[in-house]
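**Student:** Input: one structure, supplied below.
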Amino acid sequence: MPLLREAQQMSATDVHFLLQPSSEKVQAQYRAHGTIFNGSQLSYEAYQSLLRHLKFSASLDIGEERRPQSGSYTIMVKSQPLDLRISTLPGIPLEHLTIRILSSTILPFEKLSIFPTAHQHILPLLNAPHGLFLLCGPTGAGKTTTLYALLKTIQKTTKKRIITLEDPVEQQIEGVVQLQINEAAGFHYEEGLRSVMRHDPDVIVISEIRDALTAKWVIRASMTGHLVLSTIHGSHPYSAARRFLEYGIQLLDLEESLLGILSQRLATLATANRLISRPRAAVFDLAIGQAWKRSAAGEGLAKELRKAYAYGFITENEWRRWFPSS
């Protein structure tokens with residue numbers, strides 16, 4: 001598929017399609033290293049053919065155009081497997097399509113951060129017998145990449161039974177029981193968590209906490225002898241914890257179950273000082289226990305990014321992109 005070969009060459013993480021009704025063309029756009037680039041243009045007919053092919057390959061309903069759908073599948077490009085996440089949105093005159101390209105390689109957790117020692121404070125929390133460990137950050141901050149790296153770390157350092165609930169399963173990990181949410185079939189996070197807890201897991205992974213019911217079951221699982229890892233949208237640890245309170249979780253229950261909240265951003269590295277063999281790397285801010293109460297303005301992330309700038313890992317523009325008032 002030419003579009004995916006082009007995306008692979010650019011190291012793109014996402015392929016978007018911008019409908020242009022005036023010319024009846026569809027503009028392919030690639031997101032690479034956080035920046036959008038224009039690619040090829042497709043006719044409406046070619047775009048619809050591509051859309052049908054991808055929906056079929058990802059086991060989506062080809063005839064359904066009135067509601068969003070998402071799925072995933074793996075394709076070989078230049079003898080390399082590409083894991084694709086396919087998402088659609090209803091639109092006029094055509095459905096909107098986004099392809100997320102997932103790396104088939106799970107990086108070791110200790111190699112994700114700009115600062116090599118960042119993982120040392122996080123690893124002890126993964127050995128806890130029970131409790132809740134959260135990842136937070138905006139869309140595109142690398143939460144899923146970090147979550148999979150943490151899973152591999154737990155698998156490597158312990159002999160624990162791990163069960164995941166994902167929507168969708170983005171990468172397959174040998175030795176881990178991975179379940180895919182299917183809301184159309186009635187298998188949602190609440191039902192999944194209730195069922196998973198009967199299958200003797202030591203570690204439960206929820207790909208994302210989106211509503212009050214899921215939050216309630218996550219807290220319950222973390223207080224009944226399970227280590228629970230999950231992601232939640234929030235710009236810093238305080239906002240992530242506040243989401244639970246907004247979902248109706250009692251403060252005492254949250255304090256009892258919460259091990260820590262890891263907030264992160266993906267920062268573009270300065271070319272002249274790129275000691276890491278990737279264009280971007282993570283910056284972490286860890287709030288252990290109740291430390292989230294003191295992180296209301298994201299001071300931890302601002303401090304870490306400022307340190308990365310001081311050491312020459314990132315430019316001043318990159319630092320101020322995240323915290324312009326610092």
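Identifiers in the structure tokens: chain A, B, ... in order shown; residue index from 1 per chain; ligand index from 1 in order shown.
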Do a neighbour search on Tyr30 of chain A at 8 Å with only C-alpha atoms, toss out local chain neighbours closer than 5 positions, and write the hits as a ChimeraX atom specification.
**Tutor:** /A:7,12-16,35-39
**Student:** Give the alpha helix (DSSP H) residues of segment 60-242 of chain A, as assigned by DSSP on the backbone, as a VMD selection string.
**Tutor:** chain A and resid 123 to 126 143 to 157 189 to 196 212 to 222 237 to 242
**Student:** Got a sec: who's within 9 Å of Gln264 of chain A, counting only C-alpha atoms, leaving out chain neighbours fewer than 3 positions off, as a PyMOL selection string?
**Tutor:** chain A and resi 135-138+141-143+235-236+282-286+301
**Student:** Please identify all polymer residues within 12 Å of Arg5 of chain A, counting only C-alpha atoms, omitting same-chain residues fewer than 3 positions from it, and present them as a ChimeraX atom specification.
**Tutor:** /A:1-2,8-12,15,30,39-40,75-82,101
**Student:** Include C-alpha atoms and write out the residues we just selected as a PDB file, in the first residue's frame.
**Tutor:**
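Here's the written file part_31.pdb:
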ATOM      1  CA  MET A   1       0.000   0.000   0.000  1.00  0.00           C
ATOM      2  CA  PRO A   2       1.813   3.164  -1.217  1.00  0.00           C
ATOM      3  CA  GLN A   8       6.792   4.223   7.110  1.00  0.00           C
ATOM      4  CA  GLN A   9       9.581   6.113   5.330  1.00  0.00           C
ATOM      5  CA  MET A  10       8.641   9.290   7.210  1.00  0.00           C
ATOM      6  CA  SER A  11       8.439   7.455  10.565  1.00  0.00           C
ATOM      7  CA  ALA A  12       4.840   8.692  10.805  1.00  0.00           C
ATOM      8  CA  VAL A  15      -2.205   9.063   8.777  1.00  0.00           C
ATOM      9  CA  TYR A  30       1.103  12.328   8.026  1.00  0.00           C
ATOM     10  CA  GLY A  39       1.243  13.545   1.385  1.00  0.00           C
ATOM     11  CA  SER A  40      -0.526  12.196  -1.674  1.00  0.00           C
ATOM     12  CA  ILE A  75      -0.055  -5.548   7.628  1.00  0.00           C
ATOM     13  CA  MET A  76       3.338  -6.348   6.126  1.00  0.00           C
ATOM     14  CA  VAL A  77       5.144  -3.400   4.500  1.00  0.00           C
ATOM     15  CA  LYS A  78       8.624  -4.032   3.062  1.00  0.00           C
ATOM     16  CA  SER A  79       8.772  -7.318   4.988  1.00  0.00           C
ATOM     17  CA  GLN A  80       8.144  -5.416   8.230  1.00  0.00           C
ATOM     18  CA  PRO A  81       4.940  -5.870  10.279  1.00  0.00           C
ATOM     19  CA  LEU A  82       2.974  -2.684  10.893  1.00  0.00           C
ATOM     20  CA  ILE A 101       0.709   3.231  13.095  1.00  0.00           C
TER      21      ILE A 101
END
**Student:** Report the residues of segment 23-134 of chain A whose backbone DSSP state falls under strand (DSSP E), written as a PyMOL selection string.
**Tutor:** chain A and resi 25-32+35-43+69-77+80-89+96-102+131-134
**Student:** Between A:Ile219, A:Leu266, A:Ile249, A:Leu51, which has the minimum distance to His130 of chain A (counting only C-alpha atoms)?
**Tutor:**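 Going through A:Ile219, A:Leu266, A:Ile249, A:Leu51 one by one, the smallest distance to His130 of chain A is for A:Ile219.
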**Student:** At a cut-off of 12 Å, using only C-alpha atoms, what residues contact Glu45 of chain A? Leave out same-chain residues fewer than 4 positions from it and give the result as number ranges by chain.
**Tutor:** A: 24-26, 41, 49-52, 94
**Student:** Can you pull out every residue within 10 Å of Trp322 of chain A, counting only C-alpha atoms, but drop anything in the same chain fewer than 3 positions away, and send it as a list in words?
**Tutor:**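 Result of the neighbour search: Arg265, Leu266, Ala267, Leu301, Ala302, Leu305, Asn317, Glu318, Trp319, Ser325 and Ser326 of chain A.
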**Student:** Restricting it to all heavy atoms, dump the selection as a PDB file, in the first residue's frame.
**Tutor:**
ATOM      1  N   ARG A 265       5.148  13.843  28.943  1.00  0.00           N
ATOM      2  CA  ARG A 265       5.092  14.555  27.674  1.00  0.00           C
ATOM      3  C   ARG A 265       6.145  13.948  26.754  1.00  0.00           C
ATOM      4  O   ARG A 265       7.150  13.399  27.217  1.00  0.00           O
ATOM      5  CB  ARG A 265       5.397  16.054  27.842  1.00  0.00           C
ATOM      6  CG  ARG A 265       4.436  16.808  28.714  1.00  0.00           C
ATOM      7  CD  ARG A 265       3.063  16.968  28.075  1.00  0.00           C
ATOM      8  NE  ARG A 265       2.238  17.863  28.868  1.00  0.00           N
ATOM      9  CZ  ARG A 265       1.528  17.501  29.916  1.00  0.00           C
ATOM     10  NH1 ARG A 265       1.570  16.226  30.320  1.00  0.00           N
ATOM     11  NH2 ARG A 265       0.778  18.372  30.576  1.00  0.00           N
ATOM     12  N   LEU A 266       5.935  14.074  25.447  1.00  0.00           N
ATOM     13  CA  LEU A 266       6.946  13.696  24.470  1.00  0.00           C
ATOM     14  C   LEU A 266       7.624  14.971  23.987  1.00  0.00           C
ATOM     15  O   LEU A 266       6.972  15.854  23.439  1.00  0.00           O
ATOM     16  CB  LEU A 266       6.310  12.952  23.288  1.00  0.00           C
ATOM     17  CG  LEU A 266       6.110  11.454  23.442  1.00  0.00           C
ATOM     18  CD1 LEU A 266       5.496  10.887  22.166  1.00  0.00           C
ATOM     19  CD2 LEU A 266       7.409  10.745  23.758  1.00  0.00           C
ATOM     20  N   ALA A 267       8.919  15.062  24.196  1.00  0.00           N
ATOM     21  CA  ALA A 267       9.667  16.253  23.813  1.00  0.00           C
ATOM     22  C   ALA A 267      10.561  15.949  22.622  1.00  0.00           C
ATOM     23  O   ALA A 267      11.188  14.883  22.567  1.00  0.00           O
ATOM     24  CB  ALA A 267      10.511  16.754  24.987  1.00  0.00           C
ATOM     25  N   LEU A 301       6.459  18.626  35.864  1.00  0.00           N
ATOM     26  CA  LEU A 301       6.807  18.517  34.451  1.00  0.00           C
ATOM     27  C   LEU A 301       7.587  19.733  33.976  1.00  0.00           C
ATOM     28  O   LEU A 301       8.542  19.617  33.205  1.00  0.00           O
ATOM     29  CB  LEU A 301       5.543  18.345  33.609  1.00  0.00           C
ATOM     30  CG  LEU A 301       4.998  16.927  33.473  1.00  0.00           C
ATOM     31  CD1 LEU A 301       3.654  16.945  32.781  1.00  0.00           C
ATOM     32  CD2 LEU A 301       5.971  16.040  32.721  1.00  0.00           C
ATOM     33  N   ALA A 302       7.165  20.918  34.442  1.00  0.00           N
ATOM     34  CA  ALA A 302       7.873  22.132  34.058  1.00  0.00           C
ATOM     35  C   ALA A 302       9.324  22.074  34.514  1.00  0.00           C
ATOM     36  O   ALA A 302      10.244  22.463  33.778  1.00  0.00           O
ATOM     37  CB  ALA A 302       7.177  23.357  34.653  1.00  0.00           C
ATOM     38  N   LEU A 305      11.273  19.526  32.270  1.00  0.00           N
ATOM     39  CA  LEU A 305      11.530  20.078  30.941  1.00  0.00           C
ATOM     40  C   LEU A 305      12.573  21.196  30.996  1.00  0.00           C
ATOM     41  O   LEU A 305      13.407  21.332  30.099  1.00  0.00           O
ATOM     42  CB  LEU A 305      10.232  20.584  30.323  1.00  0.00           C
ATOM     43  CG  LEU A 305       9.313  19.485  29.779  1.00  0.00           C
ATOM     44  CD1 LEU A 305       7.900  19.992  29.611  1.00  0.00           C
ATOM     45  CD2 LEU A 305       9.840  18.932  28.472  1.00  0.00           C
ATOM     46  N   ASN A 317      12.699  26.695  22.650  1.00  0.00           N
ATOM     47  CA  ASN A 317      11.366  26.713  22.032  1.00  0.00           C
ATOM     48  C   ASN A 317      10.554  25.490  22.423  1.00  0.00           C
ATOM     49  O   ASN A 317       9.341  25.581  22.656  1.00  0.00           O
ATOM     50  CB  ASN A 317      11.489  26.796  20.507  1.00  0.00           C
ATOM     51  CG  ASN A 317      11.914  28.167  20.028  1.00  0.00           C
ATOM     52  OD1 ASN A 317      11.774  29.150  20.753  1.00  0.00           O
ATOM     53  ND2 ASN A 317      12.428  28.237  18.807  1.00  0.00           N
ATOM     54  N   GLU A 318      11.218  24.340  22.486  1.00  0.00           N
ATOM     55  CA  GLU A 318      10.514  23.117  22.870  1.00  0.00           C
ATOM     56  C   GLU A 318      10.071  23.187  24.322  1.00  0.00           C
ATOM     57  O   GLU A 318       8.957  22.765  24.666  1.00  0.00           O
ATOM     58  CB  GLU A 318      11.420  21.898  22.645  1.00  0.00           C
ATOM     59  CG  GLU A 318      10.778  20.562  22.992  1.00  0.00           C
ATOM     60  CD  GLU A 318       9.621  20.194  22.082  1.00  0.00           C
ATOM     61  OE1 GLU A 318       9.407  20.870  21.057  1.00  0.00           O
ATOM     62  OE2 GLU A 318       8.912  19.215  22.394  1.00  0.00           O
ATOM     63  N   TRP A 319      10.925  23.687  25.180  1.00  0.00           N
ATOM     64  CA  TRP A 319      10.563  23.845  26.593  1.00  0.00           C
ATOM     65  C   TRP A 319       9.361  24.773  26.739  1.00  0.00           C
ATOM     66  O   TRP A 319       8.381  24.467  27.401  1.00  0.00           O
ATOM     67  CB  TRP A 319      11.786  24.367  27.374  1.00  0.00           C
ATOM     68  CG  TRP A 319      11.485  24.954  28.709  1.00  0.00           C
ATOM     69  CD1 TRP A 319      10.537  24.523  29.624  1.00  0.00           C
ATOM     70  CD2 TRP A 319      12.096  26.095  29.304  1.00  0.00           C
ATOM     71  NE1 TRP A 319      10.541  25.320  30.735  1.00  0.00           N
ATOM     72  CE2 TRP A 319      11.483  26.290  30.581  1.00  0.00           C
ATOM     73  CE3 TRP A 319      13.103  26.958  28.908  1.00  0.00           C
ATOM     74  CZ2 TRP A 319      11.857  27.319  31.433  1.00  0.00           C
ATOM     75  CZ3 TRP A 319      13.480  27.975  29.767  1.00  0.00           C
ATOM     76  CH2 TRP A 319      12.863  28.157  31.006  1.00  0.00           C
ATOM     77  N   SER A 325       4.754  30.091  30.098  1.00  0.00           N
ATOM     78  CA  SER A 325       4.884  31.097  31.144  1.00  0.00           C
ATOM     79  C   SER A 325       6.011  30.810  32.121  1.00  0.00           C
ATOM     80  O   SER A 325       6.211  31.553  33.069  1.00  0.00           O
ATOM     81  CB  SER A 325       3.562  31.214  31.930  1.00  0.00           C
ATOM     82  OG  SER A 325       3.230  29.960  32.527  1.00  0.00           O
ATOM     83  N   SER A 326       6.752  29.680  31.897  1.00  0.00           N
ATOM     84  CA  SER A 326       7.809  29.314  32.842  1.00  0.00           C
ATOM     85  C   SER A 326       8.981  30.264  32.728  1.00  0.00           C
ATOM     86  O   SER A 326       9.297  30.754  31.657  1.00  0.00           O
ATOM     87  CB  SER A 326       8.269  27.887  32.581  1.00  0.00           C
ATOM     88  OG  SER A 326       7.218  26.977  32.821  1.00  0.00           O
TER      89      SER A 326
END
**Student:** Could you check the closest approach to Thr146 of chain A for each of A:Phe133, A:Phe109, A:Phe115, A:Tyr247 and tell me which residue wins, using only C-alpha atoms?
**Tutor:** A:Phe109
**Student:** Just the residues within 8 Å of Phe17 of chain A, please, counting only C-alpha atoms, with nothing from its chain fewer than 4 positions along; format it as a PDB file with N, CA, C and O atoms, in the first residue's frame.
**Tutor:**
ATOM      1  N   VAL A  26      -9.152  13.980  -1.732  1.00  0.00           N
ATOM      2  CA  VAL A  26      -8.875  13.697  -0.329  1.00  0.00           C
ATOM      3  C   VAL A  26      -7.375  13.825  -0.125  1.00  0.00           C
ATOM      4  O   VAL A  26      -6.589  13.143  -0.787  1.00  0.00           O
ATOM      5  N   GLN A  27      -6.984  14.703   0.791  1.00  0.00           N
ATOM      6  CA  GLN A  27      -5.569  14.959   1.061  1.00  0.00           C
ATOM      7  C   GLN A  27      -5.095  14.050   2.198  1.00  0.00           C
ATOM      8  O   GLN A  27      -5.630  14.081   3.304  1.00  0.00           O
ATOM      9  N   ALA A  28      -4.104  13.212   1.905  1.00  0.00           N
ATOM     10  CA  ALA A  28      -3.488  12.403   2.955  1.00  0.00           C
ATOM     11  C   ALA A  28      -2.509  13.273   3.727  1.00  0.00           C
ATOM     12  O   ALA A  28      -1.752  14.058   3.139  1.00  0.00           O
ATOM     13  N   GLN A  29      -2.541  13.165   5.043  1.00  0.00           N
ATOM     14  CA  GLN A  29      -1.633  13.909   5.901  1.00  0.00           C
ATOM     15  C   GLN A  29      -0.960  12.965   6.881  1.00  0.00           C
ATOM     16  O   GLN A  29      -1.606  12.060   7.417  1.00  0.00           O
ATOM     17  N   HIS A  96     -14.819  10.025   7.831  1.00  0.00           N
ATOM     18  CA  HIS A  96     -13.446  10.426   8.115  1.00  0.00           C
ATOM     19  C   HIS A  96     -12.668   9.219   8.636  1.00  0.00           C
ATOM     20  O   HIS A  96     -13.192   8.420   9.416  1.00  0.00           O
ATOM     21  N   LEU A  97     -11.423   9.116   8.220  1.00  0.00           N
ATOM     22  CA  LEU A  97     -10.590   7.962   8.549  1.00  0.00           C
ATOM     23  C   LEU A  97      -9.270   8.428   9.151  1.00  0.00           C
ATOM     24  O   LEU A  97      -8.662   9.389   8.671  1.00  0.00           O
ATOM     25  N   THR A  98      -8.844   7.761  10.211  1.00  0.00           N
ATOM     26  CA  THR A  98      -7.516   7.975  10.777  1.00  0.00           C
ATOM     27  C   THR A  98      -6.851   6.610  10.978  1.00  0.00           C
ATOM     28  O   THR A  98      -7.489   5.670  11.468  1.00  0.00           O
TER      29      THR A  98
END
**Student:** Between A:Ser59, A:Lys111, A:Met223, A:Ile206, which one has atoms that come closest to Leu252 of chain A, using only C-alpha atoms?
**Tutor:**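 Ranking A:Ser59, A:Lys111, A:Met223, A:Ile206 by distance to Leu252 of chain A, first place goes to A:Met223.
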**Student:** Looking at A:Gly298, A:Gly260, A:Pro279, A:Gly312, which one is nearest to Gly131 of chain A, with distances taken over only C-alpha atoms?
**Tutor:** A:Gly260
**Student:** What's the separation between atom CA of Leu126 of chain A and atom CA of Thr231 of chain A, in Å to one decimal place?
**Tutor:**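 Computing it gives 15.0 Å between the two atoms.
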